[in-house]
Amino acid sequence: MRKLAILALLLSVAGCAQPTRSRQYESWVDIEGKRHPRPAGMDEQVEKTGGAARRRWREAMHVAPPGVDWRAIELENQRVEMERRNQLGLAPDLTAQRWTEVGSKNQSGRVHTAALGAGSTSAGKVYAGTDLGGVWRANADGSGWEPLSDNRYGGVHQMVVGPGENSGDPELMLVSTDSGSLHVSRNDGQNWETPAGLPTITGVRGLAQLQDASRTLLALVMISNGGGRARLYASTDYGRTFQLRWTAPSAYPAAMWVPRKGASAATHVYLVQNGVLHTSVNGGASFTAGGAIDAASDRAVLAGSEAGAPTLYAAVRNANAWKLYRSNNAGASFALVQTLTDFFETLDASSVDPNRVVYGGVEIFRSFNGGTTFTKFNGWGEYYGNPATKLHADSFGIRIVPLLDSPIDNERWYIGTDGGLYVSEDLGGTVRNLSLTGMGIGQYYSTLTSKSAPQLVLAGSQDQGYQRGSWTPWSQGPSTDFAQLISGDYGHLTSSDGSHNLVYSTYPGFILVSEGQNNPALYYPSFPSGSSQLWLPPVVADPLSATSFFFLGNQLWRYTRTSTSVWTPTVHTTFNFLATGGSYLSAMAFAPSDAQRCYAVTDNGRLFYSTNHGTNWTAASGSGPGSHYFYGNALAVHPSISTEACVGGSGYGLAGVWRTVNGGASWSPLGSGLPQTMVYDIAYAENGSGDLYAATEAGPWWWQRSTNTWNNLQSLGSPMTVWWSVESVNYGQSMRFGSYGRGIWDYAIPAGNGPQWQSYGASLPAPHVLTLFSAQLPRMGQEVSFTVQHPAPGARTGWVFFSSSPGSQPVFGGHVLLGAIQGLQRVALNASGQGSARFTFPNDIALLDQSIYFQALVNDSAQGGGYAFSNGLQAVLGL
């Protein structure tokens with residue numbers, strides 16, 4: 001039993017060690033003695049250039065043939081899946097089926113908005129609207145986060161939380177995206193409905209709720225074929241139907257503010273239209289023009305303070321420059337108070353002090369003198385030394401919420417950032433991070449799970465840096481804390497042998513090299529001089545040399561390590577990949593079974609193959625899908641058939657995944673059933689099935705080789721969001737998906753119908769010595785005999801352990817392939833090196849087709865650690 005205790009101890013998870021850094025990168029900033037690259041989110045960059053540039057970026061990101069409306073296609077994909085879930089009545093907690101939420105548990109992503117429940121009182125829970133992770137709810141102190149909209153696709157940029165229709169009903173949630181997706185739930189997110197009475201919405205400029213007898217909901221929207229004129233709709237039946245109340249007289253993306261407390265909160269609505277303030281005293285049925293702000297402006301954001309008459313703050317854009325104006329007389333007149341140079345269109349004002357106003361950009365600024373001067377809460381780099389009380393960079397949502405039950409005027413300032421949600425409870429003096437645990441909204445581009453230590457996970461995220469975690473399975477919620485080894489945006493994680501000994505990835509400006517599984521050192525080679533490439537360009541580890549990797553740009557470069565911290569690039573081939581169009585290589589992959597054979601694709605879908613490790617190339621006949629705008633295509637090669645490969649990319653108007661079975665000479669669309677969508681990543685299962693999995697904008701999908709059809713894995717309980725990456729883990733028994741807004745999840749591949757045995761663990765760097773097998777099928781209520789075979793003769797003693805889950809932990813020179821150990825049987829090997837043990841399976845129908853995992857260990861002085869390990873053996877129980 002002492003050995004069992006040792007094994008259990010070794011299965012516990014170690015904390016993440018701090019990395020060392022040895023090479024500087026020119027654009028880093030020194031923060032408290034450490035260096036960080038500035039966060040460089042792609043959407044943050046286009047945000048600064050204004051809405052038109054952002055729209056162009058989104059359109060280019062989803063490459064589609066002329067006349068194909070990718071947005072309409074994805075909206076239909078979302079509608080179909082939401083309707084299916086509504087009919088099934090899936091509960092908000094979707095983790096209890098084949099999906100397990102890995103994390104991150106402590107590294108949050110972007111939050112856009114917040115609200116307070118229980119009628120905006122101190123007893124209310126806090127609600128957070130996140131980028132592509134939906135609505136989350138927690139206690140006021142940030143404990144107990146729970147997702148409420150895994151059954152709804154899309155982010156939450158605007159949100160209203162109000163009382164339920166009847167006493168005891170859940171609180172009403174009305175949510176929308178900026179791009180026009182608007183839904184309501186009256187049952188804690190179990191179902192999401194599209195309200196009746198609304199036309200096709202192309203943008204939502206604001207949501208609000210009047211504090212009148214009907215609890216009127218207001219939606220300020222832009223509509224299709226509306227000539228650019230804003231429209232105000234109202235609902236008096238808790239979001240079931242909306243009716244038109246007001247139409248703007250001319251084209252302009254109007255801005256709205258509704259008082260949050262006081263008598264006017266039941267009647268007044270304030271709008272900025274064509275740079276002029278308009279006021280309604282009848283709930284938006286009619287408006288009266290007030291003070292002019294800037295008649296030449298083309299966009300506005302509006303906030304107000306009930307402590308004034310009210311005091312109004314309007315940020316308006318003219319010639320792509322934002323300026324802040326203030327009115328002390330309820331909008332009768334305005335005065336310029338500030339030019340805003342770092343502004344992401346989020347602005348709010350205190351309800352108790354008219355001179356307190358706050359806005360967000362890369363950093364968050366507050367004024368206590370009516371906007372005359374502003375100071376930063378903190379510099380963005382200070383977050384990394386104290387995430388609990390220092391704001392993360394990039395704020396796209398600030399909401400100040402009055403506490404309506406407070407005996408004195410009081411309020412909470414909720415500040416959404418790319419690192420989660422913060423609250424200030426002292427009128428903007430200090431902040432506290434509410435999202436340090438349990439808010440699973442990480443935005444991930446790439447994951448790489450170590451094949452030699454499968455509990456270790458590396459991940460590249462959007463604005464939450466290069467992360468490292470040690471996976472600790474848990475039945476519900478995000479289970480794994482991740483350490484942020486360096487700030488920024490990272491993608492395309494790759495290593496030569498699948499371990500974490502040397503891992504390569506890219507940041508928008510340099511290559512990141514991470515060396516060491518337990519205490520990684522970080523190095524920072526530059527991109528090749530004179531190269532042009534994607535914003536996050538792909539890198540591919542060289543399977544023949546762990547210290548070399550390939551960089552994909554307008555040419556193919558190979559980097560070779562020339563000293564501890566230096567990698568030197570050389571052009572690997574003179575082949576011109578761009579002779580038939582395109583701007584750069586967008587993906588490359590080597591065959592796992594033949595390192596000489598590799599495949600490549602350019603951003604315009606042209607495909608190539610090589611049979612001599614990328615030195616010479618041949619163009620394929622025809623083309624495949626185009627690439628994602630800044631990340632590239634997806635390429636995967638069959639684990640054991642070097643002449644079979646698949647490519648993924650833009651699937652609008654044509655197939656999103658194509659396959660070759662003749663070594664790359666020709667390609668054709670793969671299977672049927674995959675909707676038109678953007679395919680971000682693909683990976684083969686490593687369980688011998690030859691099946692393929694895809695991470696797409698329309699969810700996670702599985703191509704079944706035996707039927708040549710695609711299957712929707714969302715039907716088995718995944719959150720509705722964008723899925724960006726996928727890899728085979730857990731010895732081929734699971735697929736690990738990274739999402740852009742709902743963290744990292746594992747999908748357990750069905751083992752099939754029992755009874756049957758499946759061996760696993762053969763691909764470990766330190767292969768097993770013993771062979772564990774059984775000649776009897778695992779049937780419920782019956783006893784089976786195991787055989788333990790050692791290749792060398794000699795009597796030995798040992799154990800057969802069992803667990804309800806697989807795992808991996810290096811120990812005694814081998815690998816324990818079980819999760820939490822639940823029991824053992826002793827085994828004695830005879831002189832021929834063979835022994836047996838017996839096990840009786842439970843007689844419980846609930847365990848039908850469920851699995852129990854076994855592994856043997858015996859004393860063996862010939863092994864380095866003193867013990868010999870067997871393969872893992874999975875029993876799938878049957879009748």
# chains A, B, ... in the order shown; residues from 1 in each chain; ligands from 1

call {"tool": "residues_around", "arguments": {"residues": "segment 539-548 of chain A", "least_positions_apart": "3", "cutoff": "6 Å", "atoms": "only C-alpha atoms", "output": "list of chain:residue names"}}
result
A:Thr494, A:Ser495, A:Ser496, A:Phe551, A:Tyr559, A:Thr560, A:Arg561

call {"tool": "closest_atom_pairs", "arguments": {"of": "segment 63-126 of chain A", "to": "segment 732-748 of chain A", "cutoff": "9 Å", "atoms": "only C-alpha atoms", "output": "Markdown table"}}
result
| residue | atom | partner | partner_atom | distance |
| --- | --- | --- | --- | --- |
| A:Arg98 | CA | A:Ala748 | CA | 5.4 |
| A:Trp99 | CA | A:Tyr747 | CA | 4.7 |
| A:Thr100 | CA | A:Asp746 | CA | 5.1 |
| A:Glu101 | CA | A:Trp745 | CA | 4.5 |
| A:Val102 | CA | A:Trp745 | CA | 5.2 |
| A:Gly103 | CA | A:Ile744 | CA | 5.3 |
| A:Ser104 | CA | A:Gly743 | CA | 6.0 |
| A:Lys105 | CA | A:Gly743 | CA | 8.7 |
| A:Ser108 | CA | A:Gly743 | CA | 8.6 |
| A:Gly109 | CA | A:Gly741 | CA | 6.8 |
| A:Arg110 | CA | A:Gly741 | CA | 7.8 |

call {"tool": "closest_atom_pairs", "arguments": {"of": "segment 559-610 of chain A", "to": "segment 631-634 of chain A", "cutoff": "9 Å", "atoms": "only C-alpha atoms", "output": "CSV"}}
result
residue,atom,partner,partner_atom,distance
A:Leu585,CA,A:Gly632,CA,8.1
A:Ser586,CA,A:Gly632,CA,4.4
A:Ala587,CA,A:Asn633,CA,5.4
A:Met588,CA,A:Ala634,CA,8.2
A:Ala589,CA,A:Ala634,CA,9.0
A:Val601,CA,A:Asn633,CA,7.4
A:Thr602,CA,A:Asn633,CA,8.0
A:Asp603,CA,A:Gly632,CA,6.5
A:Gly605,CA,A:Asn633,CA,8.4

call {"tool": "write_last_selection", "arguments": {"atoms": "all heavy atoms", "output": "CSV table (one decimal), in the first residue's frame"}}
result
chain,number,residue,atom,x,y,z
A,585,LEU,N,2.3,31.6,-48.0
A,585,LEU,CA,1.9,30.3,-47.6
A,585,LEU,C,1.0,30.4,-46.3
A,585,LEU,O,1.3,31.2,-45.4
A,585,LEU,CB,3.1,29.5,-47.2
A,585,LEU,CG,4.0,29.0,-48.4
A,585,LEU,CD1,5.4,28.5,-48.0
A,585,LEU,CD2,3.2,27.8,-49.1
A,586,SER,N,0.0,29.6,-46.2
A,586,SER,CA,-0.9,29.7,-45.1
A,586,SER,C,-1.0,28.5,-44.3
A,586,SER,O,-1.7,28.5,-43.3
A,586,SER,CB,-2.3,30.1,-45.7
A,586,SER,OG,-2.7,29.2,-46.7
A,587,ALA,N,-0.4,27.4,-44.7
A,587,ALA,CA,-0.3,26.2,-43.9
A,587,ALA,C,0.6,25.2,-44.5
A,587,ALA,O,0.8,25.2,-45.7
A,587,ALA,CB,-1.7,25.5,-43.7
A,588,MET,N,1.2,24.3,-43.6
A,588,MET,CA,2.1,23.3,-44.1
A,588,MET,C,2.0,22.1,-43.1
A,588,MET,O,1.9,22.4,-41.9
A,588,MET,CB,3.6,23.7,-44.3
A,588,MET,CG,4.5,22.7,-44.9
A,588,MET,SD,6.1,23.3,-45.2
A,588,MET,CE,6.9,23.1,-43.6
A,589,ALA,N,2.1,20.9,-43.5
A,589,ALA,CA,2.1,19.8,-42.6
A,589,ALA,C,2.9,18.6,-43.1
A,589,ALA,O,2.9,18.4,-44.3
A,589,ALA,CB,0.6,19.3,-42.3
A,601,VAL,N,-0.2,24.9,-48.6
A,601,VAL,CA,-1.3,25.6,-49.2
A,601,VAL,C,-1.0,27.1,-49.1
A,601,VAL,O,-0.4,27.5,-48.1
A,601,VAL,CB,-2.7,25.2,-48.6
A,601,VAL,CG1,-2.7,25.5,-47.1
A,601,VAL,CG2,-3.8,25.9,-49.3
A,602,THR,N,-1.5,27.9,-50.1
A,602,THR,CA,-1.3,29.3,-50.0
A,602,THR,C,-2.7,29.9,-49.6
A,602,THR,O,-3.7,29.3,-49.6
A,602,THR,CB,-0.9,29.9,-51.3
A,602,THR,OG1,-1.8,29.5,-52.4
A,602,THR,CG2,0.5,29.4,-51.7
A,603,ASP,N,-2.7,31.2,-49.4
A,603,ASP,CA,-3.9,31.9,-48.9
A,603,ASP,C,-5.0,31.9,-49.9
A,603,ASP,O,-6.2,32.1,-49.5
A,603,ASP,CB,-3.6,33.3,-48.4
A,603,ASP,CG,-3.0,34.2,-49.5
A,603,ASP,OD1,-2.1,33.7,-50.2
A,603,ASP,OD2,-3.4,35.3,-49.7
A,605,GLY,N,-5.8,29.2,-51.7
A,605,GLY,CA,-6.2,27.9,-51.8
A,605,GLY,C,-5.4,27.0,-52.7
A,605,GLY,O,-5.7,25.8,-52.9

call {"tool": "select_by_dssp", "arguments": {"residues": "segment 66-246 of chain A", "states": "strand (DSSP E or B)", "output": "ChimeraX atom specification"}}
result
/A:99-103,111-116,126-130,135-138,146-147,158-162,172-176,182-185,193,196,201-209,217-223,229,231-235,241,243-246

call {"tool": "write_last_selection", "arguments": {"atoms": "C-alpha atoms", "output": "JSON list (two decimals), in the first residue's frame"}}
result
[["chain", "number", "residue", "atom", "x", "y", "z"],
["A", 99, "TRP", "CA", -17.71, 17.13, -23.14],
["A", 100, "THR", "CA", -15.36, 18.11, -20.32],
["A", 101, "GLU", "CA", -14.40, 21.73, -19.70],
["A", 102, "VAL", "CA", -10.63, 22.02, -19.28],
["A", 103, "GLY", "CA", -10.19, 25.75, -18.74],
["A", 111, "VAL", "CA", -16.11, 41.21, -21.26],
["A", 112, "HIS", "CA", -18.34, 43.78, -23.00],
["A", 113, "THR", "CA", -21.03, 44.68, -20.49],
["A", 114, "ALA", "CA", -22.43, 43.96, -17.03],
["A", 115, "ALA", "CA", -25.68, 44.23, -15.08],
["A", 116, "LEU", "CA", -26.92, 43.71, -11.54],
["A", 126, "VAL", "CA", -23.72, 40.26, -11.18],
["A", 127, "TYR", "CA", -24.25, 39.39, -14.84],
["A", 128, "ALA", "CA", -21.47, 39.68, -17.43],
["A", 129, "GLY", "CA", -21.86, 39.86, -21.21],
["A", 130, "THR", "CA", -18.77, 38.41, -22.87],
["A", 135, "VAL", "CA", -23.88, 35.60, -20.47],
["A", 136, "TRP", "CA", -22.33, 34.64, -17.14],
["A", 137, "ARG", "CA", -23.64, 35.16, -13.61],
["A", 138, "ALA", "CA", -21.92, 35.18, -10.22],
["A", 146, "GLU", "CA", -22.04, 30.04, -14.15],
["A", 147, "PRO", "CA", -22.73, 30.25, -17.91],
["A", 158, "GLN", "CA", -25.54, 44.93, -24.90],
["A", 159, "MET", "CA", -27.61, 43.51, -22.03],
["A", 160, "VAL", "CA", -30.64, 44.27, -19.88],
["A", 161, "VAL", "CA", -31.43, 42.22, -16.77],
["A", 162, "GLY", "CA", -34.81, 42.84, -15.18],
["A", 172, "LEU", "CA", -35.44, 38.39, -17.65],
["A", 173, "MET", "CA", -32.37, 38.72, -19.88],
["A", 174, "LEU", "CA", -32.42, 40.72, -23.12],
["A", 175, "VAL", "CA", -29.10, 40.50, -24.94],
["A", 176, "SER", "CA", -27.64, 41.48, -28.28],
["A", 182, "LEU", "CA", -31.00, 39.98, -30.37],
["A", 183, "HIS", "CA", -32.56, 37.39, -28.06],
["A", 184, "VAL", "CA", -34.50, 37.15, -24.81],
["A", 185, "SER", "CA", -34.62, 34.48, -22.11],
["A", 193, "GLU", "CA", -36.11, 33.40, -28.22],
["A", 196, "ALA", "CA", -41.50, 38.97, -32.77],
["A", 201, "ILE", "CA", -31.47, 43.92, -37.66],
["A", 202, "THR", "CA", -27.97, 44.82, -38.86],
["A", 203, "GLY", "CA", -26.79, 46.64, -35.73],
["A", 204, "VAL", "CA", -27.84, 47.29, -32.15],
["A", 205, "ARG", "CA", -26.98, 50.73, -30.82],
["A", 206, "GLY", "CA", -28.45, 50.32, -27.35],
["A", 207, "LEU", "CA", -30.74, 48.35, -25.03],
["A", 208, "ALA", "CA", -32.53, 49.73, -21.97],
["A", 209, "GLN", "CA", -35.47, 49.14, -19.65],
["A", 217, "LEU", "CA", -37.82, 47.21, -22.94],
["A", 218, "LEU", "CA", -36.21, 49.49, -25.52],
["A", 219, "ALA", "CA", -33.99, 48.50, -28.43],
["A", 220, "LEU", "CA", -32.28, 51.12, -30.60],
["A", 221, "VAL", "CA", -31.36, 49.33, -33.81],
["A", 222, "MET", "CA", -30.20, 49.68, -37.39],
["A", 223, "ILE", "CA", -32.12, 47.55, -39.88],
["A", 229, "ARG", "CA", -31.69, 55.43, -40.17],
["A", 231, "ARG", "CA", -35.18, 52.92, -35.19],
["A", 232, "LEU", "CA", -36.40, 52.61, -31.61],
["A", 233, "TYR", "CA", -38.54, 49.58, -30.77],
["A", 234, "ALA", "CA", -40.34, 48.88, -27.49],
["A", 235, "SER", "CA", -41.71, 45.77, -25.78],
["A", 241, "THR", "CA", -42.96, 41.24, -29.17],
["A", 243, "GLN", "CA", -43.34, 47.60, -31.71],
["A", 244, "LEU", "CA", -41.82, 50.55, -33.56],
["A", 245, "ARG", "CA", -41.88, 53.78, -31.55],
["A", 246, "TRP", "CA", -39.57, 56.13, -33.43]]

call {"tool": "closest_residue", "arguments": {"among": "A:Tyr652, A:Ala695, A:Ser851, A:Ala868", "to": "Pro65 of chain A", "atoms": "only C-alpha atoms"}}
result
A:Tyr652

call {"tool": "residues_around", "arguments": {"residues": "Ser305 of chain A", "least_positions_apart": "4", "cutoff": "8 Å", "atoms": "only C-alpha atoms", "output": "ChimeraX atom specification"}}
result
/A:259,310-312,349-354

call {"tool": "closest_residue", "arguments": {"among": "A:Gln758, A:Thr200, A:Asn274, A:Ser167", "to": "Gly872 of chain A", "atoms": "only C-alpha atoms"}}
result
A:Gln758

call {"tool": "atom_distance", "arguments": {"atom1": "atom CA of Leu436 of chain A", "atom2": "atom CA of Ala698 of chain A"}}
result
29.0 Å

call {"tool": "residues_around", "arguments": {"residues": "Val272 of chain A", "least_positions_apart": "5", "cutoff": "6 Å", "atoms": "only C-alpha atoms", "output": "JSON, numbers by chain"}}
result
{"A": [254, 255, 277]}

call {"tool": "residues_around", "arguments": {"residues": "Ser367 of chain A", "least_positions_apart": "5", "cutoff": "10 Å", "atoms": "only C-alpha atoms", "output": "list in words"}}
result
Ala349, Asn355, Arg356, Val357, Val358, Tyr359, Thr372, Thr373, Phe374, Thr375, Lys376 and Gly428 of chain A

call {"tool": "closest_residue", "arguments": {"among": "A:Tyr523, A:Gly814, A:Ala307, A:Ile73", "to": "Ser563 of chain A", "atoms": "only C-alpha atoms"}}
result
A:Tyr523
